[in-house]
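J.: Pasting target27.txt here (compact mmCIF, C-alpha atoms):
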```txt
# COMPACT_ATOMS: atom_id res chain seq x y z
CA MET L 1186 -0.04 -1.91 23.06
CA ASP L 1187 -3.28 -0.75 21.46
CA PHE L 1188 -3.93 0.58 17.96
CA LYS L 1189 -4.10 4.26 19.02
CA GLN L 1190 -0.69 3.98 20.69
CA ILE L 1191 0.77 2.46 17.51
CA GLN L 1192 -0.77 5.27 15.45
CA GLY L 1193 0.73 7.85 17.83
CA ILE L 1194 4.19 6.29 17.60
CA ILE L 1195 4.05 6.23 13.79
CA LYS L 1196 2.78 9.83 13.58
CA ASP L 1197 5.44 11.12 16.01
CA PHE L 1198 8.13 9.19 14.12
CA GLU L 1199 7.05 10.63 10.75
CA ASN L 1200 7.14 14.17 12.16
CA SER L 1201 10.57 13.74 13.75
CA ASN L 1202 14.13 13.86 12.40
CA ILE L 1203 14.69 10.25 13.51
CA THR L 1204 15.35 7.89 10.58
CA ASN L 1205 15.19 4.55 12.44
CA LEU L 1206 13.29 3.43 15.54
CA GLU L 1207 12.82 -0.03 17.08
CA ILE L 1208 10.58 -0.87 20.05
CA GLU L 1209 10.20 -4.39 21.47
CA MET L 1210 7.93 -5.44 24.33
CA ASP L 1211 6.92 -9.07 25.12
CA THR L 1212 4.88 -10.19 22.07
CA PHE L 1213 4.99 -6.82 20.32
CA LYS L 1214 7.73 -5.44 18.10
CA ILE L 1215 7.74 -2.34 15.90
CA LYS L 1216 10.52 -1.25 13.57
CA LEU L 1217 10.23 2.12 11.88
CA ASN L 1218 12.40 3.42 9.06
CA LYS L 1219 11.74 6.49 6.91
CA ASN L 1220 11.56 4.15 3.87
CA ASN L 1221 9.13 1.63 5.38
CA ILE L 1222 7.15 0.83 8.49
CA LYS L 1223 6.77 -2.68 9.88
CA VAL L 1224 4.67 -3.67 12.86
CA GLU L 1225 4.75 -7.20 14.26
CA ASN L 1226 2.47 -8.65 16.88
CA ASP L 1227 1.94 -12.35 17.66
CA LEU L 1228 -1.80 -11.84 17.33
CA MET L 1229 -1.98 -9.66 14.23
CA PRO L 1230 1.00 -9.08 11.89
CA VAL L 1231 0.75 -5.84 9.94
CA LYS L 1232 3.12 -4.28 7.44
CA ALA L 1233 2.74 -0.82 5.99
CA VAL L 1234 4.87 0.70 3.28
CA LYS L 1235 4.60 4.31 2.27
CA THR L 1236 3.38 5.28 -1.23
CA SER L 1237 3.86 2.91 -4.14
CA PRO L 1238 4.98 -0.69 -4.39
CA SER L 1239 8.53 -1.22 -5.55
CA VAL L 1240 9.51 -3.55 -8.36
CA GLU L 1241 10.20 -6.20 -5.68
CA ASP L 1242 6.50 -6.07 -4.69
CA ILE L 1243 5.46 -7.09 -8.20
CA GLU L 1244 5.40 -10.70 -9.23
CA GLU L 1245 5.65 -11.92 -12.79
CA THR L 1246 2.79 -14.39 -13.02
CA GLU L 1247 2.64 -15.11 -16.73
CA THR L 1248 4.63 -13.85 -19.68
CA ASN L 1249 4.74 -10.07 -19.28
CA VAL L 1250 1.83 -10.00 -16.79
CA PHE L 1251 2.59 -8.32 -13.46
CA GLN L 1252 0.53 -8.32 -10.29
CA VAL L 1253 0.36 -5.03 -8.41
CA LYS L 1254 -0.14 -5.90 -4.75
CA SER L 1255 -1.31 -3.68 -1.94
CA PRO L 1256 1.60 -2.54 0.22
CA LEU L 1257 -0.74 -2.11 3.19
CA ILE L 1258 -4.02 -3.05 4.80
CA GLY L 1259 -6.75 -0.52 4.21
CA THR L 1260 -9.56 0.59 1.93
CA TYR L 1261 -9.21 0.68 -1.87
CA TYR L 1262 -10.34 3.78 -3.74
CA ALA L 1263 -10.39 3.88 -7.55
CA ALA L 1264 -10.62 7.69 -7.68
CA SER L 1265 -9.63 10.67 -5.53
CA SER L 1266 -13.30 11.46 -4.80
CA PRO L 1267 -16.67 9.81 -5.47
CA LYS L 1268 -17.42 12.37 -8.22
CA ASP L 1269 -14.12 11.84 -10.08
CA ALA L 1270 -13.44 9.27 -12.78
CA PRO L 1271 -11.30 6.28 -11.76
CA PHE L 1272 -7.53 6.71 -12.04
CA VAL L 1273 -7.35 3.67 -14.38
CA THR L 1274 -9.68 1.37 -16.26
CA ILE L 1275 -9.18 -2.01 -17.91
CA GLY L 1276 -7.38 -1.58 -21.22
CA GLN L 1277 -5.85 1.77 -20.28
CA LYS L 1278 -2.16 2.39 -20.95
CA VAL L 1279 -0.13 3.50 -17.93
CA LYS L 1280 3.41 4.74 -17.51
CA LYS L 1281 5.68 4.07 -14.58
CA GLY L 1282 4.75 6.54 -11.84
CA ASP L 1283 1.11 7.06 -12.93
CA THR L 1284 -1.38 6.87 -10.04
CA LEU L 1285 -3.31 3.59 -10.14
CA CYS L 1286 -5.46 3.97 -7.02
CA ILE L 1287 -5.51 5.13 -3.42
CA VAL L 1288 -5.27 2.91 -0.34
CA GLU L 1289 -6.53 4.55 2.84
CA ALA L 1290 -4.84 3.29 5.98
CA MET L 1291 -5.18 4.94 9.41
CA LYS L 1292 -6.84 8.02 7.87
CA ILE L 1293 -3.87 8.50 5.51
CA MET L 1294 -4.48 8.41 1.76
CA ASN L 1295 -1.63 6.51 0.07
CA GLU L 1296 -1.36 6.85 -3.70
CA ILE L 1297 -0.30 3.62 -5.37
CA SER L 1298 1.77 4.31 -8.48
CA ALA L 1299 2.41 2.14 -11.51
CA PRO L 1300 5.77 0.42 -11.02
CA ILE L 1301 6.11 -0.32 -14.75
CA ASP L 1302 4.80 0.85 -18.13
CA GLY L 1303 1.99 -1.27 -19.52
CA ILE L 1304 -1.73 -1.82 -20.02
CA ILE L 1305 -4.21 -2.48 -17.21
CA GLU L 1306 -5.34 -6.04 -17.89
CA GLU L 1307 -7.42 -6.71 -14.79
CA ILE L 1308 -8.71 -4.85 -11.72
CA ASN L 1309 -9.47 -7.28 -8.89
CA VAL L 1310 -11.09 -4.99 -6.29
CA SER L 1311 -14.06 -2.63 -6.14
CA ASN L 1312 -14.14 0.96 -5.01
CA GLY L 1313 -14.48 1.21 -1.22
CA GLU L 1314 -13.52 -2.44 -0.65
CA ALA L 1315 -11.42 -3.42 2.37
CA ILE L 1316 -8.13 -4.92 1.20
CA GLY L 1317 -5.37 -6.93 2.81
CA PHE L 1318 -1.60 -6.72 2.76
CA GLU L 1319 -0.17 -8.04 -0.52
CA GLN L 1320 -3.66 -8.56 -1.99
CA VAL L 1321 -3.51 -8.37 -5.78
CA LEU L 1322 -5.16 -5.09 -6.76
CA MET L 1323 -4.65 -5.26 -10.50
CA LYS L 1324 -2.60 -6.82 -13.25
CA ILE L 1325 -0.51 -4.89 -15.78
CA LEU L 1326 0.39 -6.40 -19.15
```
What's the structure tokens form of this structure?

T.:
Amino acid sequence: MDFKQIQGIIKDFENSNITNLEIEMDTFKIKLNKNNIKVENDLMPVKAVKTSPSVEDIEETETNVFQVKSPLIGTYYAASSPKDAPFVTIGQKVKKGDTLCIVEAMKIMNEISAPIDGIIEEINVSNGEAIGFEQVLMKIL
């Protein structure tokens, strides 16, 4: 199954009233759920989760320091357009639900929201950088 077919399945699923879908063929398996999307392939595992990471996606690394990881593979954007200021900067206070960044995946812009209140301690990626699944995007203190 090629990438365009996977995109078509995901798009059709999102536009339908179906809440769960599972397809399995030889070395390819895709499970779709309105809360998350998971694609498995022996050659290239991919996992995509809509919108923001949940508290389970955050790891406590040091006392009160949390890593915000990318819920999908894509391109990191610090602002909604090249002319706009970044959503967050180091030292900025954020509240749970504030937009931290955008991850573009398959031509879909996914806003990543702050899962906790805190202060941006570190931003580990640059605007326009390709990012991987569960890559640490930033740390919140």

J.: Could you give me, as a list in words, the residues within 7 Å of range 1195-1206 of chain L, counting all atoms listed in the file and dropping anything in the same chain fewer than 5 positions from it?

T.: Lys1216, Leu1217, Asn1218 and Lys1219 of chain L

J.: Would you write out those residues with C-alpha atoms, as a CSV table (one decimal), in the frame of the given file?

T.:
```csv
chain,number,residue,atom,x,y,z
L,1216,LYS,CA,10.5,-1.2,13.6
L,1217,LEU,CA,10.2,2.1,11.9
L,1218,ASN,CA,12.4,3.4,9.1
L,1219,LYS,CA,11.7,6.5,6.9
```

J.: Quick one: everything within 9 Å of Met1291 in chain L, counting all atoms listed in the file, minus sequence neighbours fewer than 3 positions away in the same chain. Send it as a PDB file with C-alpha atoms, in the coordinates of the input.

T.:
```
ATOM      1  CA  GLN L1192      -0.770   5.270  15.450  1.00  0.00           C
ATOM      2  CA  GLY L1259      -6.750  -0.520   4.210  1.00  0.00           C
ATOM      3  CA  MET L1294      -4.480   8.410   1.760  1.00  0.00           C
TER       4      MET L1294
END
```

J.: Mind giving me the straight-line distance from CA of Glu1314 in chain L to CA of Lys1189 in chain L in Å, one decimal?

T.: 22.8 Å

J.: At what distance in Å, to one decimal, does CA of Lys1280 in chain L lie from CA of Ser1298 in chain L?

T.: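 One can read the CA of Ser1298 in chain L to CA of Lys1280 in chain L distance as 9.2 Å.
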
J.: Between CA of Ile1304 in chain L and CA of Val1253 in chain L, what is the distance, to one decimal in Å?

T.: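 Taking CA of Ile1304 in chain L as the start and CA of Val1253 in chain L as the end point, the length is 12.2 Å.
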
J.: Go through L:Leu1326, L:Ala1299, L:Ile1308, L:Ala1290 one by one, measure the shortest atom-to-atom distance of each to Ile1258 in chain L using all atoms listed in the file, and give the residue with the smallest value.

T.: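 Of the candidates, the smallest distance to Ile1258 in chain L is held by L:Ala1290.
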
J.: Counting only C-alpha atoms, which residue out of L:Thr1284, L:Ser1255, L:Gln1277, L:Thr1260 sits closest to Gln1320 in chain L?

T.: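 Closest to Gln1320 in chain L of all the choices is L:Ser1255.
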
J.: My list of candidates is L:Ser1311, L:Glu1296, L:Pro1267, L:Glu1306. Which is closest to Val1279 in chain L when distances are computed with only C-alpha atoms?

T.: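 Using only C-alpha atoms, Val1279 in chain L sits closest to L:Glu1306.
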
J.: Generate N, CA and C atoms for range 1276-1288 of chain L and emit them as an mmCIF file, in the frame of the given file.

T.:
```cif
data_model
loop_
_atom_site.group_PDB
_atom_site.id
_atom_site.type_symbol
_atom_site.label_atom_id
_atom_site.label_comp_id
_atom_site.auth_asym_id
_atom_site.auth_seq_id
_atom_site.Cartn_x
_atom_site.Cartn_y
_atom_site.Cartn_z
ATOM 1 N N GLY L 1276 -7.760 -1.938 -19.862
ATOM 2 C CA GLY L 1276 -7.380 -1.580 -21.220
ATOM 3 C C GLY L 1276 -6.619 -0.279 -21.342
ATOM 4 N N GLN L 1277 -6.532 0.480 -20.266
ATOM 5 C CA GLN L 1277 -5.850 1.770 -20.280
ATOM 6 C C GLN L 1277 -4.345 1.592 -20.224
ATOM 7 N N LYS L 1278 -3.618 2.393 -21.005
ATOM 8 C CA LYS L 1278 -2.160 2.390 -20.950
ATOM 9 C C LYS L 1278 -1.710 3.231 -19.768
ATOM 10 N N VAL L 1279 -0.694 2.743 -19.049
ATOM 11 C CA VAL L 1279 -0.130 3.500 -17.930
ATOM 12 C C VAL L 1279 1.384 3.549 -18.085
ATOM 13 N N LYS L 1280 1.954 4.590 -17.537
ATOM 14 C CA LYS L 1280 3.410 4.740 -17.510
ATOM 15 C C LYS L 1280 3.876 4.609 -16.070
ATOM 16 N N LYS L 1281 5.097 4.179 -15.903
ATOM 17 C CA LYS L 1281 5.680 4.070 -14.580
ATOM 18 C C LYS L 1281 5.517 5.398 -13.846
ATOM 19 N N GLY L 1282 4.958 5.335 -12.636
ATOM 20 C CA GLY L 1282 4.750 6.540 -11.840
ATOM 21 C C GLY L 1282 3.325 7.071 -11.888
ATOM 22 N N ASP L 1283 2.510 6.634 -12.873
ATOM 23 C CA ASP L 1283 1.110 7.060 -12.930
ATOM 24 C C ASP L 1283 0.361 6.534 -11.701
ATOM 25 N N THR L 1284 -0.573 7.306 -11.181
ATOM 26 C CA THR L 1284 -1.380 6.870 -10.040
ATOM 27 C C THR L 1284 -2.380 5.825 -10.511
ATOM 28 N N LEU L 1285 -2.389 4.677 -9.820
ATOM 29 C CA LEU L 1285 -3.310 3.590 -10.140
ATOM 30 C C LEU L 1285 -4.557 3.635 -9.266
ATOM 31 N N CYS L 1286 -4.361 3.969 -7.978
ATOM 32 C CA CYS L 1286 -5.460 3.970 -7.020
ATOM 33 C C CYS L 1286 -4.973 4.614 -5.728
ATOM 34 N N ILE L 1287 -5.854 4.632 -4.751
ATOM 35 C CA ILE L 1287 -5.510 5.130 -3.420
ATOM 36 C C ILE L 1287 -5.864 4.035 -2.419
ATOM 37 N N VAL L 1288 -4.980 3.809 -1.451
ATOM 38 C CA VAL L 1288 -5.270 2.910 -0.340
ATOM 39 C C VAL L 1288 -5.266 3.761 0.920
#
```
